[in-house]
Amino acid sequence: MTAEALQAAPPQTERDAGWRDVAAVIGARLLTRLRKITAAIRPLAWVLMAITVGFWAIGQIAGWAEFAIAAAVIAIAVGVCALFLIGRTAYDVSLDLARTRVVVGERAVGALTLANRGSRAILPSRVVLPVGSGRGEFGIQRLAPGEEAEELFAIPTQRRGVVKVGPVSVVRGDPLGLFERAHRRDDPVDLFVHPRTVLFDGQSLGYLRDLEGLPAADLSRDDVSFHALLEYQPGDDLRHVHWRSTARTGTMMVRQYEETRRSHFVIGLSRSAGDYATADDFELGISAAGSIGLRALRDSQRVDVRVQGRELPAGTGKQLLDSLAAVENSKAKEGGIADLAGIVSATMPLASVVVLVCGSRVPSDDLRLACSRLPFGAKVLAVVTDTTATAPTLRRIGDADVVTVGALEQVPLALQKVLA
């Protein structure tokens, strides 16, 4: 081989590689387009096309004109149905929920608006709106340029949870259901169905005084956060006499303090199905945890909520209820209330108040074990849910108060029994 041939070989190799790259790109685009086409073909269309091919083959081989005519009729019907896919579905879609957070049983409504912003009319089409595990369908008539269509819908909220609404799919198809072309529009919206809660007055479970706590609105004769000077009253501690002010005014003055409170409030909510007798007991436990947590937040306490497997965001009332809306039963391997108490003790050793929420199927020994695992010095309350109970009851297990409630409205009364 000559030197000139050796020099000409590399350019030829580069050209071949370039053509292979071009062929690969074209092949990938054709494959993508082929997938879009096949995605629009429904199973019934595949069956009819197979029958058409079979009838045509029989008609040609056996010479039976009837089969050939039947094949032609089916092929024409399939072709006519395919023409229904022609047309634009370029709607401007807007999905709007009146409220993205509701309580179980409250009405949740939304509006779906489709507008034709183009310069040509859009033929009738069908719009599919997934709502949780179900879906709604709306028929949209022909829209001229600049026209809009609005569809109102209601969302069932009988069950607590996070309902995903959308994404909206615009579907074009034929009357026989042989072909269907769907285009997704807009992003899905989450609807939070919060558990029912009950409001009650007063500080739910008290505080523990602590040097590092926050000043409260309550005044005290004995604490560490100085507030003001008051005239001495019989029974005041002489150690708190402010002698300089007493000498200046001629009246014995004593210091008044703001109570400083350590307010690390922890709720341990068991989501183990084995701890609850019924699903209603589990829902009652979630509602009780939410009610107590909201009361603690209103008392300006730091609230942490722990369930099996994770900690729930609970910095605000909205975060707390959003987190509880998504709580589901845990797996058996994640344990029950006793295992949850051990996790609370390990991850939150400085908790001042711990509320454990579980069901009536938890034995007393397991509840005693759970309470014994909690941080030393913390005030412990266990709330047991039992929808068969007609009135709240109070009992003691070790150093913990255990209340049993049968309805959400019994929670304030049960806490009053604890504080009494």
# chains A, B, ... in the order shown; residues from 1 in each chain; ligands from 1

call {"tool": "residues_around", "arguments": {"residues": "Lys318 in chain A", "least_positions_apart": "4", "cutoff": "10 Å", "atoms": "only C-alpha atoms", "output": "PyMOL selection string"}}
result
chain A and resi 101+194+294+313-314+322-324

call {"tool": "write_last_selection", "arguments": {"atoms": "N, CA, C and O atoms", "output": "CSV table (one decimal), in the first residue's frame"}}
result
chain,number,residue,atom,x,y,z
A,101,ARG,N,-56.5,22.6,51.7
A,101,ARG,CA,-56.5,22.0,53.0
A,101,ARG,C,-57.9,22.0,53.6
A,101,ARG,O,-58.4,23.1,53.8
A,194,HIS,N,-57.2,17.0,56.4
A,194,HIS,CA,-56.7,16.9,57.7
A,194,HIS,C,-57.6,16.1,58.6
A,194,HIS,O,-58.8,16.0,58.4
A,294,LEU,N,-51.7,20.7,68.7
A,294,LEU,CA,-52.1,22.1,68.4
A,294,LEU,C,-52.2,22.9,69.7
A,294,LEU,O,-51.9,24.1,69.8
A,313,PRO,N,-42.7,16.6,60.6
A,313,PRO,CA,-42.6,18.0,60.7
A,313,PRO,C,-43.8,18.6,61.5
A,313,PRO,O,-44.9,18.2,61.2
A,314,ALA,N,-43.5,19.4,62.6
A,314,ALA,CA,-44.5,19.9,63.4
A,314,ALA,C,-44.2,21.2,64.0
A,314,ALA,O,-44.5,21.6,65.1
A,322,ASP,N,-50.6,18.7,58.2
A,322,ASP,CA,-50.2,18.1,56.9
A,322,ASP,C,-49.5,16.8,57.1
A,322,ASP,O,-49.7,15.8,56.4
A,323,SER,N,-48.7,16.7,58.2
A,323,SER,CA,-47.9,15.5,58.4
A,323,SER,C,-48.9,14.4,58.9
A,323,SER,O,-48.8,13.2,58.4
A,324,LEU,N,-49.8,14.7,59.7
A,324,LEU,CA,-50.8,13.7,60.2
A,324,LEU,C,-51.7,13.2,59.1
A,324,LEU,O,-52.2,12.1,59.2

call {"tool": "closest_atom_pairs", "arguments": {"of": "range 249-290 of chain A", "to": "range 361-374 of chain A", "cutoff": "7 Å", "atoms": "only C-alpha atoms", "output": "Markdown table"}}
result
| residue | atom | partner | partner_atom | distance |
| --- | --- | --- | --- | --- |
| A:Asp275 | CA | A:Arg361 | CA | 5.0 |
| A:Tyr276 | CA | A:Arg361 | CA | 5.4 |
| A:Ala277 | CA | A:Arg361 | CA | 5.8 |

call {"tool": "closest_residue", "arguments": {"among": "A:Gly293, A:Gly309, A:Pro375, A:Gly398", "to": "Arg271 in chain A", "atoms": "only C-alpha atoms"}}
result
A:Gly309

call {"tool": "atom_distance", "arguments": {"atom1": "CA of Ala111 in chain A", "atom2": "CA of Ala325 in chain A"}}
result
23.2 Å

call {"tool": "closest_residue", "arguments": {"among": "A:Gly342, A:Gly335, A:Gly118, A:Pro188", "to": "Tyr91 in chain A", "atoms": "only C-alpha atoms"}}
result
A:Gly118

call {"tool": "atom_distance", "arguments": {"atom1": "CA of Val80 in chain A", "atom2": "CA of Pro145 in chain A"}}
result
26.3 Å

call {"tool": "residues_around", "arguments": {"residues": "Val305 in chain A", "least_positions_apart": "6", "cutoff": "7 Å", "atoms": "only C-alpha atoms", "output": "ChimeraX atom specification"}}
result
/A:266-268,311-312,314

call {"tool": "write_last_selection", "arguments": {"atoms": "N, CA, C and O atoms", "output": "PDB file, in the first residue's frame"}}
result
ATOM      1  N   VAL A 266     -43.133  16.336  73.335  1.00  0.00           N
ATOM      2  CA  VAL A 266     -42.949  15.245  72.383  1.00  0.00           C
ATOM      3  C   VAL A 266     -44.204  14.381  72.354  1.00  0.00           C
ATOM      4  O   VAL A 266     -44.732  14.011  73.409  1.00  0.00           O
ATOM      5  N   ILE A 267     -44.665  14.093  71.150  1.00  0.00           N
ATOM      6  CA  ILE A 267     -45.804  13.192  70.966  1.00  0.00           C
ATOM      7  C   ILE A 267     -45.307  11.956  70.234  1.00  0.00           C
ATOM      8  O   ILE A 267     -44.747  12.050  69.133  1.00  0.00           O
ATOM      9  N   GLY A 268     -45.486  10.812  70.845  1.00  0.00           N
ATOM     10  CA  GLY A 268     -45.152   9.535  70.210  1.00  0.00           C
ATOM     11  C   GLY A 268     -46.428   8.846  69.757  1.00  0.00           C
ATOM     12  O   GLY A 268     -47.193   8.347  70.587  1.00  0.00           O
ATOM     13  N   GLU A 311     -39.581  11.024  61.937  1.00  0.00           N
ATOM     14  CA  GLU A 311     -40.108  12.145  62.707  1.00  0.00           C
ATOM     15  C   GLU A 311     -40.944  13.011  61.784  1.00  0.00           C
ATOM     16  O   GLU A 311     -40.570  13.265  60.640  1.00  0.00           O
ATOM     17  N   LEU A 312     -42.090  13.474  62.264  1.00  0.00           N
ATOM     18  CA  LEU A 312     -42.994  14.279  61.441  1.00  0.00           C
ATOM     19  C   LEU A 312     -42.726  15.766  61.646  1.00  0.00           C
ATOM     20  O   LEU A 312     -42.529  16.204  62.781  1.00  0.00           O
ATOM     21  N   ALA A 314     -43.477  19.351  62.561  1.00  0.00           N
ATOM     22  CA  ALA A 314     -44.543  19.866  63.432  1.00  0.00           C
ATOM     23  C   ALA A 314     -44.183  21.240  63.983  1.00  0.00           C
ATOM     24  O   ALA A 314     -44.547  21.576  65.096  1.00  0.00           O
TER      25      ALA A 314
END

call {"tool": "residues_around", "arguments": {"residues": "Val168 in chain A", "least_positions_apart": "6", "cutoff": "8 Å", "atoms": "only C-alpha atoms", "output": "PDB file with N, CA, C and O atoms, in the first residue's frame"}}
result
ATOM      1  N   VAL A  93     -54.381  24.861  29.977  1.00  0.00           N
ATOM      2  CA  VAL A  93     -55.109  24.219  31.074  1.00  0.00           C
ATOM      3  C   VAL A  93     -54.758  24.893  32.396  1.00  0.00           C
ATOM      4  O   VAL A  93     -53.582  25.135  32.690  1.00  0.00           O
ATOM      5  N   VAL A 127     -61.382  15.172  28.476  1.00  0.00           N
ATOM      6  CA  VAL A 127     -60.383  15.531  29.479  1.00  0.00           C
ATOM      7  C   VAL A 127     -60.516  14.580  30.658  1.00  0.00           C
ATOM      8  O   VAL A 127     -61.618  14.374  31.185  1.00  0.00           O
ATOM      9  N   VAL A 128     -59.392  13.997  31.057  1.00  0.00           N
ATOM     10  CA  VAL A 128     -59.359  13.060  32.183  1.00  0.00           C
ATOM     11  C   VAL A 128     -58.613  13.724  33.329  1.00  0.00           C
ATOM     12  O   VAL A 128     -57.491  14.216  33.158  1.00  0.00           O
ATOM     13  N   LEU A 129     -59.248  13.734  34.499  1.00  0.00           N
ATOM     14  CA  LEU A 129     -58.657  14.334  35.691  1.00  0.00           C
ATOM     15  C   LEU A 129     -58.516  13.274  36.773  1.00  0.00           C
ATOM     16  O   LEU A 129     -59.507  12.910  37.428  1.00  0.00           O
ATOM     17  N   PRO A 130     -57.307  12.733  37.019  1.00  0.00           N
ATOM     18  CA  PRO A 130     -57.128  11.777  38.118  1.00  0.00           C
ATOM     19  C   PRO A 130     -57.309  12.460  39.474  1.00  0.00           C
ATOM     20  O   PRO A 130     -56.780  13.549  39.703  1.00  0.00           O
ATOM     21  N   ARG A 184     -50.605  15.167  28.472  1.00  0.00           N
ATOM     22  CA  ARG A 184     -50.691  15.686  29.841  1.00  0.00           C
ATOM     23  C   ARG A 184     -50.492  17.189  29.860  1.00  0.00           C
ATOM     24  O   ARG A 184     -49.632  17.721  29.175  1.00  0.00           O
ATOM     25  N   ARG A 185     -51.301  17.837  30.677  1.00  0.00           N
ATOM     26  CA  ARG A 185     -51.216  19.277  30.826  1.00  0.00           C
ATOM     27  C   ARG A 185     -51.218  19.619  32.319  1.00  0.00           C
ATOM     28  O   ARG A 185     -51.851  18.932  33.119  1.00  0.00           O
ATOM     29  N   ASP A 186     -50.534  20.671  32.684  1.00  0.00           N
ATOM     30  CA  ASP A 186     -50.536  21.194  34.048  1.00  0.00           C
ATOM     31  C   ASP A 186     -49.870  20.191  35.010  1.00  0.00           C
ATOM     32  O   ASP A 186     -49.626  19.034  34.678  1.00  0.00           O
ATOM     33  N   ASP A 187     -49.565  20.664  36.203  1.00  0.00           N
ATOM     34  CA  ASP A 187     -48.930  19.842  37.233  1.00  0.00           C
ATOM     35  C   ASP A 187     -49.972  19.395  38.251  1.00  0.00           C
ATOM     36  O   ASP A 187     -50.970  20.087  38.485  1.00  0.00           O
ATOM     37  N   PRO A 188     -49.772  18.242  38.881  1.00  0.00           N
ATOM     38  CA  PRO A 188     -50.733  17.801  39.898  1.00  0.00           C
ATOM     39  C   PRO A 188     -50.712  18.705  41.128  1.00  0.00           C
ATOM     40  O   PRO A 188     -49.722  19.369  41.424  1.00  0.00           O
TER      41      PRO A 188
END

call {"tool": "residues_around", "arguments": {"residues": "Ser330 in chain A", "least_positions_apart": "6", "cutoff": "10 Å", "atoms": "only C-alpha atoms", "output": "PyMOL selection string"}}
result
chain A and resi 270-274+307-309+336

call {"tool": "write_last_selection", "arguments": {"atoms": "N, CA, C and O atoms", "output": "PDB file, in the first residue's frame"}}
result
ATOM      1  N   SER A 270     -48.171   5.911  67.813  1.00  0.00           N
ATOM      2  CA  SER A 270     -47.959   4.583  67.239  1.00  0.00           C
ATOM      3  C   SER A 270     -48.831   4.423  65.998  1.00  0.00           C
ATOM      4  O   SER A 270     -50.035   4.700  66.027  1.00  0.00           O
ATOM      5  N   ARG A 271     -48.230   3.981  64.906  1.00  0.00           N
ATOM      6  CA  ARG A 271     -49.002   3.691  63.697  1.00  0.00           C
ATOM      7  C   ARG A 271     -48.987   2.200  63.372  1.00  0.00           C
ATOM      8  O   ARG A 271     -49.240   1.809  62.240  1.00  0.00           O
ATOM      9  N   SER A 272     -48.682   1.404  64.389  1.00  0.00           N
ATOM     10  CA  SER A 272     -48.710  -0.044  64.228  1.00  0.00           C
ATOM     11  C   SER A 272     -50.159  -0.524  64.254  1.00  0.00           C
ATOM     12  O   SER A 272     -50.914  -0.233  65.190  1.00  0.00           O
ATOM     13  N   ALA A 273     -50.559  -1.253  63.218  1.00  0.00           N
ATOM     14  CA  ALA A 273     -51.938  -1.748  63.151  1.00  0.00           C
ATOM     15  C   ALA A 273     -52.245  -2.703  64.296  1.00  0.00           C
ATOM     16  O   ALA A 273     -53.391  -2.806  64.735  1.00  0.00           O
ATOM     17  N   GLY A 274     -51.219  -3.379  64.816  1.00  0.00           N
ATOM     18  CA  GLY A 274     -51.444  -4.311  65.908  1.00  0.00           C
ATOM     19  C   GLY A 274     -51.766  -3.648  67.229  1.00  0.00           C
ATOM     20  O   GLY A 274     -52.233  -4.311  68.165  1.00  0.00           O
ATOM     21  N   VAL A 307     -43.240   9.009  64.923  1.00  0.00           N
ATOM     22  CA  VAL A 307     -43.946   7.770  64.629  1.00  0.00           C
ATOM     23  C   VAL A 307     -42.904   6.723  64.252  1.00  0.00           C
ATOM     24  O   VAL A 307     -41.713   7.036  64.117  1.00  0.00           O
ATOM     25  N   GLN A 308     -43.348   5.497  64.104  1.00  0.00           N
ATOM     26  CA  GLN A 308     -42.406   4.454  63.715  1.00  0.00           C
ATOM     27  C   GLN A 308     -41.767   4.805  62.373  1.00  0.00           C
ATOM     28  O   GLN A 308     -42.459   5.089  61.402  1.00  0.00           O
ATOM     29  N   GLY A 309     -40.442   4.821  62.370  1.00  0.00           N
ATOM     30  CA  GLY A 309     -39.727   5.012  61.120  1.00  0.00           C
ATOM     31  C   GLY A 309     -39.283   6.423  60.822  1.00  0.00           C
ATOM     32  O   GLY A 309     -38.338   6.621  60.064  1.00  0.00           O
ATOM     33  N   GLY A 336     -44.047  -1.850  67.930  1.00  0.00           N
ATOM     34  CA  GLY A 336     -45.206  -1.177  68.493  1.00  0.00           C
ATOM     35  C   GLY A 336     -44.831   0.003  69.350  1.00  0.00           C
ATOM     36  O   GLY A 336     -43.782   0.629  69.179  1.00  0.00           O
TER      37      GLY A 336
END

call {"tool": "residues_around", "arguments": {"residues": "His183 in chain A", "least_positions_apart": "5", "cutoff": "12 Å", "atoms": "only C-alpha atoms", "output": "number ranges by chain"}}
result
A: 36, 39-40, 85, 88-93, 125-129, 167-173

call {"tool": "select_by_dssp", "arguments": {"residues": "range 18-232 of chain A", "states": "strand (DSSP E or B)", "output": "PyMOL selection string"}}
result
chain A and resi 41+92-97+101-103+108-115+122+125-131+134-140+143+148-155+161-165+168-173+179-185+189-194+208-220+225-231

call {"tool": "write_last_selection", "arguments": {"atoms": "C-alpha atoms", "output": "mmCIF file, in the first residue's frame"}}
result
data_model
loop_
_atom_site.group_PDB
_atom_site.id
_atom_site.type_symbol
_atom_site.label_atom_id
_atom_site.label_comp_id
_atom_site.auth_asym_id
_atom_site.auth_seq_id
_atom_site.Cartn_x
_atom_site.Cartn_y
_atom_site.Cartn_z
ATOM 1 C CA ILE A 41 -53.414 2.188 19.402
ATOM 2 C CA ASP A 92 -54.136 26.208 27.958
ATOM 3 C CA VAL A 93 -55.109 24.219 31.074
ATOM 4 C CA SER A 94 -55.588 25.728 34.532
ATOM 5 C CA LEU A 95 -56.387 23.552 37.556
ATOM 6 C CA ASP A 96 -57.538 25.480 40.617
ATOM 7 C CA LEU A 97 -58.689 24.145 43.989
ATOM 8 C CA ARG A 101 -56.455 21.958 52.984
ATOM 9 C CA VAL A 102 -59.752 20.728 54.376
ATOM 10 C CA VAL A 103 -60.902 18.704 57.369
ATOM 11 C CA ALA A 108 -63.623 20.357 48.587
ATOM 12 C CA VAL A 109 -64.318 21.854 45.174
ATOM 13 C CA GLY A 110 -62.163 22.826 42.241
ATOM 14 C CA ALA A 111 -62.365 24.281 38.757
ATOM 15 C CA LEU A 112 -60.765 23.097 35.538
ATOM 16 C CA THR A 113 -60.406 25.776 32.879
ATOM 17 C CA LEU A 114 -59.377 25.017 29.301
ATOM 18 C CA ALA A 115 -58.703 27.842 26.846
ATOM 19 C CA ILE A 122 -59.827 22.774 18.527
ATOM 20 C CA SER A 125 -62.048 16.135 22.997
ATOM 21 C CA ARG A 126 -62.195 14.391 26.332
ATOM 22 C CA VAL A 127 -60.383 15.531 29.479
ATOM 23 C CA VAL A 128 -59.359 13.060 32.183
ATOM 24 C CA LEU A 129 -58.657 14.334 35.691
ATOM 25 C CA PRO A 130 -57.128 11.777 38.118
ATOM 26 C CA VAL A 131 -58.269 12.300 41.719
ATOM 27 C CA GLY A 134 -60.139 7.442 40.878
ATOM 28 C CA ARG A 135 -60.584 9.783 37.970
ATOM 29 C CA GLY A 136 -63.133 12.145 36.500
ATOM 30 C CA GLU A 137 -63.897 12.627 32.811
ATOM 31 C CA PHE A 138 -65.229 15.739 31.104
ATOM 32 C CA GLY A 139 -66.378 16.171 27.521
ATOM 33 C CA ILE A 140 -65.107 19.408 25.963
ATOM 34 C CA LEU A 143 -63.463 25.588 21.076
ATOM 35 C CA GLU A 148 -62.726 28.977 27.186
ATOM 36 C CA ALA A 149 -64.497 26.076 28.842
ATOM 37 C CA GLU A 150 -64.808 25.644 32.607
ATOM 38 C CA GLU A 151 -65.714 22.488 34.466
ATOM 39 C CA LEU A 152 -66.445 22.421 38.208
ATOM 40 C CA PHE A 153 -65.875 19.279 40.262
ATOM 41 C CA ALA A 154 -66.141 18.105 43.854
ATOM 42 C CA ILE A 155 -63.627 15.873 45.637
ATOM 43 C CA GLY A 161 -55.168 11.571 53.566
ATOM 44 C CA VAL A 162 -53.260 13.436 50.891
ATOM 45 C CA VAL A 163 -55.202 13.344 47.630
ATOM 46 C CA LYS A 164 -53.233 13.983 44.434
ATOM 47 C CA VAL A 165 -55.379 15.864 41.933
ATOM 48 C CA VAL A 168 -54.841 16.748 33.580
ATOM 49 C CA SER A 169 -54.801 14.612 30.424
ATOM 50 C CA VAL A 170 -56.433 15.788 27.191
ATOM 51 C CA VAL A 171 -57.602 12.725 25.261
ATOM 52 C CA ARG A 172 -58.494 12.522 21.582
ATOM 53 C CA GLY A 173 -60.075 9.324 20.343
ATOM 54 C CA PHE A 179 -57.389 4.812 19.096
ATOM 55 C CA GLU A 180 -56.637 7.218 21.906
ATOM 56 C CA ARG A 181 -54.080 10.010 22.047
ATOM 57 C CA ALA A 182 -53.438 11.607 25.446
ATOM 58 C CA HIS A 183 -51.440 14.708 26.272
ATOM 59 C CA ARG A 184 -50.691 15.686 29.841
ATOM 60 C CA ARG A 185 -51.216 19.277 30.826
ATOM 61 C CA VAL A 189 -51.995 19.516 43.053
ATOM 62 C CA ASP A 190 -52.000 17.950 46.517
ATOM 63 C CA LEU A 191 -55.182 18.229 48.567
ATOM 64 C CA PHE A 192 -54.540 17.688 52.289
ATOM 65 C CA VAL A 193 -57.503 16.165 54.097
ATOM 66 C CA HIS A 194 -56.683 16.901 57.738
ATOM 67 C CA LEU A 208 -41.205 22.025 83.939
ATOM 68 C CA ARG A 209 -39.240 25.022 85.153
ATOM 69 C CA ASP A 210 -35.836 25.267 83.647
ATOM 70 C CA LEU A 211 -33.003 27.808 83.525
ATOM 71 C CA GLU A 212 -32.850 27.524 79.746
ATOM 72 C CA GLY A 213 -36.604 27.778 79.250
ATOM 73 C CA LEU A 214 -38.627 30.581 77.733
ATOM 74 C CA PRO A 215 -40.321 33.296 79.843
ATOM 75 C CA ALA A 216 -44.067 32.798 80.112
ATOM 76 C CA ALA A 217 -46.888 35.260 80.705
ATOM 77 C CA ASP A 218 -47.528 33.870 84.214
ATOM 78 C CA LEU A 219 -45.878 35.709 87.109
ATOM 79 C CA SER A 220 -44.335 33.992 90.074
ATOM 80 C CA SER A 225 -36.353 35.562 85.303
ATOM 81 C CA PHE A 226 -36.720 38.948 87.087
ATOM 82 C CA HIS A 227 -39.842 40.905 86.104
ATOM 83 C CA ALA A 228 -40.669 43.701 88.579
ATOM 84 C CA LEU A 229 -40.746 44.820 92.225
ATOM 85 C CA LEU A 230 -43.820 44.436 94.412
ATOM 86 C CA GLU A 231 -44.680 45.398 97.962
#

call {"tool": "residues_around", "arguments": {"residues": "Leu350 in chain A", "least_positions_apart": "4", "cutoff": "10 Å", "atoms": "only C-alpha atoms", "output": "number ranges by chain"}}
result
A: 262-266, 345-346, 375-378

call {"tool": "write_last_selection", "arguments": {"atoms": "all heavy atoms", "output": "PDB file, in the first residue's frame"}}
result
ATOM      1  N   ARG A 262     -39.256  25.036  80.550  1.00  0.00           N
ATOM      2  CA  ARG A 262     -38.690  24.182  79.523  1.00  0.00           C
ATOM      3  C   ARG A 262     -39.856  23.491  78.820  1.00  0.00           C
ATOM      4  O   ARG A 262     -40.653  22.809  79.456  1.00  0.00           O
ATOM      5  CB  ARG A 262     -37.753  23.157  80.155  1.00  0.00           C
ATOM      6  CG  ARG A 262     -37.197  22.147  79.178  1.00  0.00           C
ATOM      7  CD  ARG A 262     -35.960  21.461  79.745  1.00  0.00           C
ATOM      8  NE  ARG A 262     -36.216  20.852  81.032  1.00  0.00           N
ATOM      9  CZ  ARG A 262     -36.448  19.562  81.219  1.00  0.00           C
ATOM     10  NH1 ARG A 262     -36.466  18.756  80.198  1.00  0.00           N
ATOM     11  NH2 ARG A 262     -36.654  19.072  82.424  1.00  0.00           N
ATOM     12  N   SER A 263     -39.987  23.683  77.523  1.00  0.00           N
ATOM     13  CA  SER A 263     -41.209  23.269  76.837  1.00  0.00           C
ATOM     14  C   SER A 263     -40.906  22.397  75.629  1.00  0.00           C
ATOM     15  O   SER A 263     -41.311  22.703  74.529  1.00  0.00           O
ATOM     16  CB  SER A 263     -42.011  24.501  76.405  1.00  0.00           C
ATOM     17  OG  SER A 263     -41.186  25.374  75.659  1.00  0.00           O
ATOM     18  N   HIS A 264     -40.143  21.352  75.848  1.00  0.00           N
ATOM     19  CA  HIS A 264     -39.912  20.391  74.762  1.00  0.00           C
ATOM     20  C   HIS A 264     -40.989  19.330  74.864  1.00  0.00           C
ATOM     21  O   HIS A 264     -40.916  18.404  75.674  1.00  0.00           O
ATOM     22  CB  HIS A 264     -38.527  19.773  74.876  1.00  0.00           C
ATOM     23  CG  HIS A 264     -38.176  18.945  73.684  1.00  0.00           C
ATOM     24  ND1 HIS A 264     -37.021  18.209  73.598  1.00  0.00           N
ATOM     25  CD2 HIS A 264     -38.820  18.725  72.498  1.00  0.00           C
ATOM     26  CE1 HIS A 264     -36.975  17.587  72.444  1.00  0.00           C
ATOM     27  NE2 HIS A 264     -38.059  17.874  71.768  1.00  0.00           N
ATOM     28  N   PHE A 265     -41.984  19.476  74.044  1.00  0.00           N
ATOM     29  CA  PHE A 265     -43.179  18.646  74.088  1.00  0.00           C
ATOM     30  C   PHE A 265     -43.080  17.606  72.981  1.00  0.00           C
ATOM     31  O   PHE A 265     -42.955  17.947  71.806  1.00  0.00           O
ATOM     32  CB  PHE A 265     -44.410  19.537  73.876  1.00  0.00           C
ATOM     33  CG  PHE A 265     -45.711  18.902  74.241  1.00  0.00           C
ATOM     34  CD1 PHE A 265     -46.301  19.167  75.461  1.00  0.00           C
ATOM     35  CD2 PHE A 265     -46.348  18.051  73.363  1.00  0.00           C
ATOM     36  CE1 PHE A 265     -47.520  18.597  75.797  1.00  0.00           C
ATOM     37  CE2 PHE A 265     -47.552  17.467  73.688  1.00  0.00           C
ATOM     38  CZ  PHE A 265     -48.145  17.743  74.911  1.00  0.00           C
ATOM     39  N   VAL A 266     -43.133  16.336  73.335  1.00  0.00           N
ATOM     40  CA  VAL A 266     -42.949  15.245  72.383  1.00  0.00           C
ATOM     41  C   VAL A 266     -44.204  14.381  72.354  1.00  0.00           C
ATOM     42  O   VAL A 266     -44.732  14.011  73.409  1.00  0.00           O
ATOM     43  CB  VAL A 266     -41.722  14.384  72.737  1.00  0.00           C
ATOM     44  CG1 VAL A 266     -41.584  13.226  71.754  1.00  0.00           C
ATOM     45  CG2 VAL A 266     -40.458  15.233  72.726  1.00  0.00           C
ATOM     46  N   SER A 345     -36.781   8.070  73.422  1.00  0.00           N
ATOM     47  CA  SER A 345     -35.785   8.292  74.468  1.00  0.00           C
ATOM     48  C   SER A 345     -34.395   8.488  73.888  1.00  0.00           C
ATOM     49  O   SER A 345     -33.616   9.304  74.377  1.00  0.00           O
ATOM     50  CB  SER A 345     -35.796   7.105  75.437  1.00  0.00           C
ATOM     51  OG  SER A 345     -34.843   7.278  76.465  1.00  0.00           O
ATOM     52  N   ALA A 346     -34.080   7.749  72.815  1.00  0.00           N
ATOM     53  CA  ALA A 346     -32.744   7.842  72.229  1.00  0.00           C
ATOM     54  C   ALA A 346     -32.547   9.117  71.430  1.00  0.00           C
ATOM     55  O   ALA A 346     -31.446   9.678  71.413  1.00  0.00           O
ATOM     56  CB  ALA A 346     -32.488   6.624  71.338  1.00  0.00           C
ATOM     57  N   PRO A 375     -37.451   9.356  78.639  1.00  0.00           N
ATOM     58  CA  PRO A 375     -36.398  10.097  79.355  1.00  0.00           C
ATOM     59  C   PRO A 375     -36.735  10.311  80.826  1.00  0.00           C
ATOM     60  O   PRO A 375     -37.880  10.604  81.186  1.00  0.00           O
ATOM     61  CB  PRO A 375     -36.333  11.429  78.597  1.00  0.00           C
ATOM     62  CG  PRO A 375     -36.820  11.100  77.226  1.00  0.00           C
ATOM     63  CD  PRO A 375     -37.876  10.056  77.416  1.00  0.00           C
ATOM     64  N   PHE A 376     -35.723  10.190  81.660  1.00  0.00           N
ATOM     65  CA  PHE A 376     -35.908  10.371  83.100  1.00  0.00           C
ATOM     66  C   PHE A 376     -36.283  11.822  83.397  1.00  0.00           C
ATOM     67  O   PHE A 376     -35.692  12.755  82.872  1.00  0.00           O
ATOM     68  CB  PHE A 376     -34.623  10.000  83.847  1.00  0.00           C
ATOM     69  CG  PHE A 376     -34.701  10.228  85.326  1.00  0.00           C
ATOM     70  CD1 PHE A 376     -35.381   9.334  86.128  1.00  0.00           C
ATOM     71  CD2 PHE A 376     -34.112  11.349  85.905  1.00  0.00           C
ATOM     72  CE1 PHE A 376     -35.458   9.543  87.494  1.00  0.00           C
ATOM     73  CE2 PHE A 376     -34.182  11.556  87.263  1.00  0.00           C
ATOM     74  CZ  PHE A 376     -34.863  10.651  88.063  1.00  0.00           C
ATOM     75  N   GLY A 377     -37.257  12.004  84.261  1.00  0.00           N
ATOM     76  CA  GLY A 377     -37.673  13.339  84.656  1.00  0.00           C
ATOM     77  C   GLY A 377     -38.751  13.946  83.799  1.00  0.00           C
ATOM     78  O   GLY A 377     -39.306  14.998  84.146  1.00  0.00           O
ATOM     79  N   ALA A 378     -39.089  13.323  82.687  1.00  0.00           N
ATOM     80  CA  ALA A 378     -40.133  13.863  81.815  1.00  0.00           C
ATOM     81  C   ALA A 378     -41.501  13.480  82.354  1.00  0.00           C
ATOM     82  O   ALA A 378     -41.699  12.398  82.902  1.00  0.00           O
ATOM     83  CB  ALA A 378     -39.966  13.337  80.399  1.00  0.00           C
TER      84      ALA A 378
END

call {"tool": "closest_residue", "arguments": {"among": "A:Pro175, A:Pro43, A:Pro156, A:Gly63", "to": "Pro124 in chain A", "atoms": "only C-alpha atoms"}}
result
A:Pro175

call {"tool": "select_by_dssp", "arguments": {"residues": "range 168-410 of chain A", "states": "helix (DSSP H, G or I)", "output": "MDAnalysis selection string"}}
result
chainID A and resid 238:240 243:249 273:275 279:298 317:325 332:334 337:347 364:372 408:410

call {"tool": "closest_residue", "arguments": {"among": "A:Ala391, A:Leu356, A:Leu321, A:Ala351", "to": "Lys417 in chain A", "atoms": "only C-alpha atoms"}}
result
A:Ala391
